[in-house]
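Asks: Please read through the structure below; I'll follow up with questions.
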Amino acid sequence: GAELSLSMQPQTLQLLRFEGANDTPASSTAYALTVRDAVDVRLQKLQLNPGHGGNGLAGISGSQGANGNYGNHGGHGVENDGGICDSGSAPSRGSGGTSSCDRAGGRGGSAGLGNVGGYTGNSAENLGGAGGSGGVGNGNTTNRHGGDGSDGSDGSNGVSGINGTNLIEFTAFEYMISSGTDGTDGTSGRGGGGGGGGGGGAFACDSYGGAGGGGGSGGCAGTGGTGGTGGGASIALRLINATVTLEQSLLRVTSAGDGGQGGGRGFGGDGRPGGSGGAEEDDSGRGGDGGRGGDGGDGGRGGGGAGGAVIGIFCLDTATYSVDPQTVFNISGAGSGGNPGGQNGQTLNDFGCD
């Protein structure tokens, strides 16, 4: 808009029309006329139309977290003895599912041989699920089997951003938009613990139990969405250290900028199941299954930007004004707040002019 920096002597402006632009940049405020550093200014038969305040920009949606990976299966039990018995090798432990966010599953426990018990599975990294216990060597039908690994816990969801408010503020004589804040990131799910190894068998032929299955890894966290920016205001007359009288004038304000919507939440990745424990051989114990990885938490949604205000006259730096009965304030079209909850802009004939 136009700006008049007048002297500190009485002056009169007549029969003028000030039109602001309707292609205002995003989140910028439209002014029709600014009067600065002037006293006893008479504005007679003026038309002031500031144009359209700039719409706010939408926030950017958060990124989806990576899914976890499956735990691997434990190897099956085999005989390992002389004579007529087979001489198989120790079964392989199931490895835990890998993770791109430090939430890998635990590795399965080693199997026992003969009278030797199976070994406890590894816990998942970063305080994930505990490993299952190993089975008893040459045990009974109840205690010779390896225990299952514990499931990892789900991650927590992030906190949504704060929506913009329609509180009116100026800084350095410029209208301040009110934008939404960013949502916070979620947290990643924990990995599942490795299954315990089965106890060895010692009846007739010594045998290995089944090895424990690896735990599944946790899903990675989704990131938060960014906040939408606030809409710009539309202001007919801005007074800065000025004293003004309006006579038979029209202040027509029709359209402030809408607030931008907040960015959507990034969804957390899915946790994955653990691998199965290996089967028993003869009278050995089977391996425990790996625990499931927890799901990643969703990021918080970004807050919506507030809509811009529509204001007839804004007074700054001790400015004042007066009007005659023939001066008309036609003030409408405050900006709408952006989803999910930005406030709508205010509609005011004047502000700060007490």
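Note on naming: chains are A, B, ... as they come in the structure tokens, residues start from 1 per chain, ligands start from 1 in the order shown.
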Can you build me a table of stretch 86-184 of chain A residues sitting at most 12 Å from stretch 210-215 of chain A, with the closest atom pair per residue and its distance in Å to one decimal, using only C-alpha atoms, sorted by chain and residue number, as a tab-separated table?
Replies:
residue	atom	partner	partner_atom	distance
A:Ser89	CA	A:Gly210	CA	11.6
A:Ala90	CA	A:Ala211	CA	8.5
A:Pro91	CA	A:Ala211	CA	5.9
A:Ser92	CA	A:Ala211	CA	6.3
A:Arg93	CA	A:Ala211	CA	5.2
A:Gly94	CA	A:Gly214	CA	4.4
A:Ser95	CA	A:Gly214	CA	4.6
A:Gly96	CA	A:Gly214	CA	4.1
A:Gly97	CA	A:Gly215	CA	6.2
A:Thr98	CA	A:Gly215	CA	9.5
A:Ser99	CA	A:Gly215	CA	11.4
A:Arg103	CA	A:Gly215	CA	10.5
A:Ala104	CA	A:Gly215	CA	7.9
A:Gly105	CA	A:Gly215	CA	4.3
A:Gly106	CA	A:Gly215	CA	5.0
A:Arg107	CA	A:Gly214	CA	4.6
A:Gly108	CA	A:Gly212	CA	4.0
A:Gly109	CA	A:Gly212	CA	4.8
A:Ser110	CA	A:Ala211	CA	5.2
A:Ala111	CA	A:Ala211	CA	4.7
A:Gly112	CA	A:Gly210	CA	8.3
A:Leu113	CA	A:Gly210	CA	9.9
A:Gly117	CA	A:Gly210	CA	11.2
A:Gly118	CA	A:Ala211	CA	8.0
A:Tyr119	CA	A:Gly212	CA	8.6
A:Thr120	CA	A:Gly212	CA	8.5
A:Gly121	CA	A:Gly212	CA	6.7
A:Asn122	CA	A:Gly214	CA	8.5
A:Ser123	CA	A:Gly215	CA	8.5
A:Ala124	CA	A:Gly215	CA	7.2
A:Glu125	CA	A:Gly215	CA	10.4
A:Gly128	CA	A:Gly215	CA	9.7
A:Gly129	CA	A:Gly215	CA	8.3
A:Ala130	CA	A:Gly215	CA	9.5
A:Gly131	CA	A:Gly215	CA	8.4
A:Gly132	CA	A:Gly212	CA	8.3
A:Ser133	CA	A:Gly212	CA	9.6
A:Gly134	CA	A:Gly212	CA	8.5
A:Gly135	CA	A:Gly210	CA	9.8
A:Gly137	CA	A:Gly210	CA	11.8
A:Arg144	CA	A:Gly210	CA	10.4
A:His145	CA	A:Gly210	CA	8.4
A:Gly146	CA	A:Gly212	CA	7.0
A:Gly147	CA	A:Gly212	CA	8.4
A:Asp148	CA	A:Gly212	CA	8.1
A:Gly149	CA	A:Gly215	CA	6.9
A:Ser150	CA	A:Gly215	CA	8.4
A:Asp151	CA	A:Gly215	CA	8.0
A:Gly152	CA	A:Gly215	CA	8.8
Asks: Print the selection's residues with C-alpha atoms to a file, as a PDB file, in the first residue's frame.
Replies:
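For reference, again_25.pdb as written:
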ATOM      1  CA  SER A  89      26.386 -80.050  14.093  1.00  0.00           C
ATOM      2  CA  ALA A  90      24.975 -77.639  16.648  1.00  0.00           C
ATOM      3  CA  PRO A  91      21.900 -75.848  15.291  1.00  0.00           C
ATOM      4  CA  SER A  92      22.241 -72.186  14.382  1.00  0.00           C
ATOM      5  CA  ARG A  93      20.773 -69.553  16.653  1.00  0.00           C
ATOM      6  CA  GLY A  94      18.123 -67.374  15.048  1.00  0.00           C
ATOM      7  CA  SER A  95      19.429 -63.846  14.537  1.00  0.00           C
ATOM      8  CA  GLY A  96      17.292 -60.888  15.550  1.00  0.00           C
ATOM      9  CA  GLY A  97      15.607 -58.657  13.002  1.00  0.00           C
ATOM     10  CA  THR A  98      17.788 -55.734  11.972  1.00  0.00           C
ATOM     11  CA  SER A  99      16.743 -52.134  12.477  1.00  0.00           C
ATOM     12  CA  ARG A 103      15.688 -51.303  17.739  1.00  0.00           C
ATOM     13  CA  ALA A 104      17.038 -54.686  16.618  1.00  0.00           C
ATOM     14  CA  GLY A 105      15.624 -57.897  18.060  1.00  0.00           C
ATOM     15  CA  GLY A 106      17.625 -60.177  20.325  1.00  0.00           C
ATOM     16  CA  ARG A 107      19.419 -63.262  19.039  1.00  0.00           C
ATOM     17  CA  GLY A 108      18.093 -66.676  20.019  1.00  0.00           C
ATOM     18  CA  GLY A 109      19.874 -68.781  22.602  1.00  0.00           C
ATOM     19  CA  SER A 110      22.141 -71.727  21.807  1.00  0.00           C
ATOM     20  CA  ALA A 111      20.826 -75.247  22.232  1.00  0.00           C
ATOM     21  CA  GLY A 112      22.147 -77.636  24.881  1.00  0.00           C
ATOM     22  CA  LEU A 113      23.630 -81.075  24.145  1.00  0.00           C
ATOM     23  CA  GLY A 117      20.812 -77.078  29.269  1.00  0.00           C
ATOM     24  CA  GLY A 118      19.979 -74.543  26.593  1.00  0.00           C
ATOM     25  CA  TYR A 119      21.139 -70.955  26.840  1.00  0.00           C
ATOM     26  CA  THR A 120      19.120 -67.849  27.493  1.00  0.00           C
ATOM     27  CA  GLY A 121      18.257 -65.763  24.438  1.00  0.00           C
ATOM     28  CA  ASN A 122      19.663 -62.273  24.080  1.00  0.00           C
ATOM     29  CA  SER A 123      17.640 -59.243  25.016  1.00  0.00           C
ATOM     30  CA  ALA A 124      16.811 -56.794  22.255  1.00  0.00           C
ATOM     31  CA  GLU A 125      18.986 -53.695  22.005  1.00  0.00           C
ATOM     32  CA  GLY A 128      13.961 -54.080  24.366  1.00  0.00           C
ATOM     33  CA  GLY A 129      12.276 -57.380  25.207  1.00  0.00           C
ATOM     34  CA  ALA A 130      14.101 -59.857  27.435  1.00  0.00           C
ATOM     35  CA  GLY A 131      15.424 -63.129  26.091  1.00  0.00           C
ATOM     36  CA  GLY A 132      13.684 -66.393  26.921  1.00  0.00           C
ATOM     37  CA  SER A 133      15.219 -68.826  29.374  1.00  0.00           C
ATOM     38  CA  GLY A 134      17.040 -71.943  28.239  1.00  0.00           C
ATOM     39  CA  GLY A 135      15.561 -75.409  28.665  1.00  0.00           C
ATOM     40  CA  GLY A 137      19.319 -80.569  29.831  1.00  0.00           C
ATOM     41  CA  ARG A 144      13.368 -79.094  28.654  1.00  0.00           C
ATOM     42  CA  HIS A 145      11.944 -76.560  26.208  1.00  0.00           C
ATOM     43  CA  GLY A 146      13.335 -73.052  25.759  1.00  0.00           C
ATOM     44  CA  GLY A 147      11.219 -70.094  26.852  1.00  0.00           C
ATOM     45  CA  ASP A 148       9.830 -67.580  24.378  1.00  0.00           C
ATOM     46  CA  GLY A 149      11.416 -64.131  24.156  1.00  0.00           C
ATOM     47  CA  SER A 150       9.422 -61.193  25.502  1.00  0.00           C
ATOM     48  CA  ASP A 151       7.649 -58.884  23.092  1.00  0.00           C
ATOM     49  CA  GLY A 152       8.987 -55.367  22.660  1.00  0.00           C
TER      50      GLY A 152
END
Asks: Using DSSP secondary structure from the backbone, list all strand (DSSP E or B) positions within stretch 219-354 of chain A, as a PyMOL selection string.
Replies: chain A and resi 234-247+250-253+310-316+320-323+328-331+347-351
Asks: Would you export the selected residues with N, CA and C atoms as an mmCIF file, in the first residue's frame, please?
Replies:
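Writing done, so here's selection36.cif:
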data_model
loop_
_atom_site.group_PDB
_atom_site.id
_atom_site.type_symbol
_atom_site.label_atom_id
_atom_site.label_comp_id
_atom_site.auth_asym_id
_atom_site.auth_seq_id
_atom_site.Cartn_x
_atom_site.Cartn_y
_atom_site.Cartn_z
ATOM 1 N N SER A 234 -5.598 -7.806 6.582
ATOM 2 C CA SER A 234 -5.965 -6.776 5.607
ATOM 3 C C SER A 234 -6.383 -5.540 6.410
ATOM 4 N N ILE A 235 -5.630 -4.448 6.241
ATOM 5 C CA ILE A 235 -5.788 -3.258 7.078
ATOM 6 C C ILE A 235 -5.922 -2.037 6.182
ATOM 7 N N ALA A 236 -7.009 -1.275 6.365
ATOM 8 C CA ALA A 236 -7.241 -0.114 5.501
ATOM 9 C C ALA A 236 -6.279 1.021 5.791
ATOM 10 N N LEU A 237 -6.109 1.386 7.061
ATOM 11 C CA LEU A 237 -5.318 2.570 7.406
ATOM 12 C C LEU A 237 -4.435 2.253 8.603
ATOM 13 N N ARG A 238 -3.142 2.382 8.407
ATOM 14 C CA ARG A 238 -2.175 2.201 9.490
ATOM 15 C C ARG A 238 -1.605 3.562 9.852
ATOM 16 N N LEU A 239 -1.734 3.928 11.122
ATOM 17 C CA LEU A 239 -1.254 5.214 11.615
ATOM 18 C C LEU A 239 -0.070 4.980 12.542
ATOM 19 N N ILE A 240 1.050 5.653 12.260
ATOM 20 C CA ILE A 240 2.254 5.534 13.072
ATOM 21 C C ILE A 240 2.658 6.941 13.503
ATOM 22 N N ASN A 241 2.507 7.214 14.791
ATOM 23 C CA ASN A 241 2.839 8.536 15.329
ATOM 24 C C ASN A 241 2.152 9.625 14.511
ATOM 25 N N ALA A 242 0.858 9.471 14.363
ATOM 26 C CA ALA A 242 0.099 10.407 13.530
ATOM 27 C C ALA A 242 -1.244 10.710 14.181
ATOM 28 N N THR A 243 -1.759 11.911 13.871
ATOM 29 C CA THR A 243 -3.088 12.332 14.315
ATOM 30 C C THR A 243 -3.905 12.654 13.068
ATOM 31 N N VAL A 244 -5.014 11.907 12.882
ATOM 32 C CA VAL A 244 -5.745 11.967 11.621
ATOM 33 C C VAL A 244 -7.237 12.130 11.903
ATOM 34 N N THR A 245 -7.893 12.922 11.040
ATOM 35 C CA THR A 245 -9.353 13.051 11.037
ATOM 36 C C THR A 245 -9.876 12.562 9.691
ATOM 37 N N LEU A 246 -10.854 11.668 9.705
ATOM 38 C CA LEU A 246 -11.468 11.168 8.471
ATOM 39 C C LEU A 246 -12.844 11.797 8.307
ATOM 40 N N GLU A 247 -13.116 12.280 7.096
ATOM 41 C CA GLU A 247 -14.402 12.913 6.797
ATOM 42 C C GLU A 247 -14.950 12.339 5.494
ATOM 43 N N LEU A 250 -14.564 6.175 2.998
ATOM 44 C CA LEU A 250 -14.983 4.772 3.010
ATOM 45 C C LEU A 250 -13.767 3.891 3.249
ATOM 46 N N LEU A 251 -13.842 3.100 4.314
ATOM 47 C CA LEU A 251 -12.822 2.092 4.587
ATOM 48 C C LEU A 251 -13.442 0.731 4.305
ATOM 49 N N ARG A 252 -12.984 0.114 3.224
ATOM 50 C CA ARG A 252 -13.607 -1.136 2.754
ATOM 51 C C ARG A 252 -12.559 -2.256 2.806
ATOM 52 N N VAL A 253 -12.742 -3.128 3.791
ATOM 53 C CA VAL A 253 -11.822 -4.248 3.996
ATOM 54 C C VAL A 253 -12.625 -5.535 3.828
ATOM 55 N N VAL A 310 -9.102 -8.629 9.829
ATOM 56 C CA VAL A 310 -9.518 -7.503 8.987
ATOM 57 C C VAL A 310 -9.765 -6.317 9.915
ATOM 58 N N ILE A 311 -9.054 -5.215 9.648
ATOM 59 C CA ILE A 311 -9.061 -4.068 10.557
ATOM 60 C C ILE A 311 -9.202 -2.798 9.732
ATOM 61 N N GLY A 312 -10.067 -1.908 10.207
ATOM 62 C CA GLY A 312 -10.215 -0.620 9.536
ATOM 63 C C GLY A 312 -9.025 0.284 9.767
ATOM 64 N N ILE A 313 -8.716 0.572 11.034
ATOM 65 C CA ILE A 313 -7.615 1.481 11.372
ATOM 66 C C ILE A 313 -6.786 0.862 12.481
ATOM 67 N N PHE A 314 -5.482 0.881 12.308
ATOM 68 C CA PHE A 314 -4.564 0.381 13.321
ATOM 69 C C PHE A 314 -3.661 1.528 13.756
ATOM 70 N N CYS A 315 -3.629 1.784 15.068
ATOM 71 C CA CYS A 315 -2.863 2.904 15.610
ATOM 72 C C CYS A 315 -1.610 2.393 16.325
ATOM 73 N N LEU A 316 -0.485 2.998 15.981
ATOM 74 C CA LEU A 316 0.800 2.605 16.561
ATOM 75 C C LEU A 316 1.571 3.842 16.996
ATOM 76 N N THR A 320 -3.553 8.586 16.971
ATOM 77 C CA THR A 320 -4.981 8.712 17.277
ATOM 78 C C THR A 320 -5.723 9.153 16.014
ATOM 79 N N TYR A 321 -7.057 8.963 16.048
ATOM 80 C CA TYR A 321 -7.872 9.416 14.908
ATOM 81 C C TYR A 321 -9.252 9.796 15.415
ATOM 82 N N SER A 322 -9.975 10.536 14.544
ATOM 83 C CA SER A 322 -11.388 10.831 14.776
ATOM 84 C C SER A 322 -12.105 10.739 13.437
ATOM 85 N N VAL A 323 -13.420 10.518 13.474
ATOM 86 C CA VAL A 323 -14.203 10.383 12.241
ATOM 87 C C VAL A 323 -15.477 11.208 12.367
ATOM 88 N N VAL A 328 -17.657 5.696 6.597
ATOM 89 C CA VAL A 328 -18.230 4.350 6.668
ATOM 90 C C VAL A 328 -17.108 3.318 6.829
ATOM 91 N N PHE A 329 -17.304 2.415 7.802
ATOM 92 C CA PHE A 329 -16.430 1.256 7.975
ATOM 93 C C PHE A 329 -17.155 0.029 7.433
ATOM 94 N N ASN A 330 -16.634 -0.541 6.365
ATOM 95 C CA ASN A 330 -17.198 -1.761 5.779
ATOM 96 C C ASN A 330 -16.130 -2.852 5.947
ATOM 97 N N ILE A 331 -16.213 -3.563 7.074
ATOM 98 C CA ILE A 331 -15.140 -4.480 7.473
ATOM 99 C C ILE A 331 -15.695 -5.901 7.527
ATOM 100 N N THR A 347 -12.381 -9.423 13.420
ATOM 101 C CA THR A 347 -12.959 -8.363 12.596
ATOM 102 C C THR A 347 -13.140 -7.128 13.462
ATOM 103 N N LEU A 348 -12.390 -6.059 13.147
ATOM 104 C CA LEU A 348 -12.355 -4.879 14.022
ATOM 105 C C LEU A 348 -12.395 -3.608 13.207
ATOM 106 N N ASN A 349 -13.162 -2.624 13.684
ATOM 107 C CA ASN A 349 -13.105 -1.300 13.074
ATOM 108 C C ASN A 349 -11.766 -0.623 13.344
ATOM 109 N N ASP A 350 -11.258 -0.783 14.550
ATOM 110 C CA ASP A 350 -9.937 -0.232 14.859
ATOM 111 C C ASP A 350 -9.293 -1.055 15.948
ATOM 112 N N PHE A 351 -7.990 -0.836 16.133
ATOM 113 C CA PHE A 351 -7.250 -1.532 17.168
ATOM 114 C C PHE A 351 -6.087 -0.647 17.617
#
Asks: Within 6 Å of stretch 153-167 of chain A, counting only C-alpha atoms, which residues qualify if same-chain residues fewer than 4 places away don't, as number ranges by chain?
Replies: A: 178-190, 294-306, 341-343, 345
Asks: Just want the 9 Å neighbourhood of A:Asp23, counted on only C-alpha atoms, with same-chain residues fewer than 4 positions away dropped. Output as a list of chain:residue names.
Replies: A:Gly51, A:His52, A:Gly53, A:Gly54
Asks: Let's have the selection written as a PDB file, in the first residue's frame, with N, CA, C and O atoms.
Replies:
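That gives us part03.pdb:
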ATOM      1  N   GLY A  51      -7.045  -4.610  -0.222  1.00  0.00           N
ATOM      2  CA  GLY A  51      -6.832  -5.832  -0.990  1.00  0.00           C
ATOM      3  C   GLY A  51      -6.752  -7.050  -0.086  1.00  0.00           C
ATOM      4  O   GLY A  51      -7.118  -7.030   1.095  1.00  0.00           O
ATOM      5  N   HIS A  52      -6.243  -8.135  -0.653  1.00  0.00           N
ATOM      6  CA  HIS A  52      -6.291  -9.452  -0.013  1.00  0.00           C
ATOM      7  C   HIS A  52      -5.014  -9.718   0.763  1.00  0.00           C
ATOM      8  O   HIS A  52      -3.910  -9.639   0.220  1.00  0.00           O
ATOM      9  N   GLY A  53      -5.168 -10.055   2.050  1.00  0.00           N
ATOM     10  CA  GLY A  53      -4.027 -10.542   2.812  1.00  0.00           C
ATOM     11  C   GLY A  53      -3.566 -11.897   2.292  1.00  0.00           C
ATOM     12  O   GLY A  53      -4.373 -12.701   1.805  1.00  0.00           O
ATOM     13  N   GLY A  54      -2.287 -12.171   2.381  1.00  0.00           N
ATOM     14  CA  GLY A  54      -1.741 -13.417   1.844  1.00  0.00           C
ATOM     15  C   GLY A  54      -2.156 -14.633   2.657  1.00  0.00           C
ATOM     16  O   GLY A  54      -2.145 -14.624   3.899  1.00  0.00           O
TER      17      GLY A  54
END
Asks: Identify, on the basis of only C-alpha atoms, every residue whose closest approach to A:Ile84 does not exceed 12 Å; exclude the query and any residue fewer than 6 positions from it along the same chain; express the result as a PyMOL selection string.
Replies: chain A and resi 204-206
Asks: Neighbouring residues of A:Gly293 were defined as those with any atom within 6 Å, considering only C-alpha atoms; residues of the same chain fewer than 3 positions away were excluded. Please report them as number ranges by chain.
Replies: A: 151-152, 190-192, 216-218, 271-272
Asks: Can you pull out the residues contacting A:Ser5? Cut-off 9 Å, using only C-alpha atoms, and skip same-chain residues under 5 positions away; I want them as a list of chain:residue names.
Replies: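 Listed by chain and then number, they are A:Thr34, A:Val35, A:Arg36, A:Asp37, A:Ala38.
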Asks: How many Å lie between atom CA of A:Gly277 and atom CA of A:Gly75, rounded to one decimal?
Replies: 7.2 Å
Asks: Taking into account only C-alpha atoms, which residue in the set A:Gly231, A:Gly264, A:Gly71, A:Gly291 is nearest to A:Gly59?
Replies: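 Among the listed residues, the smallest separation from A:Gly59 belongs to A:Gly264.
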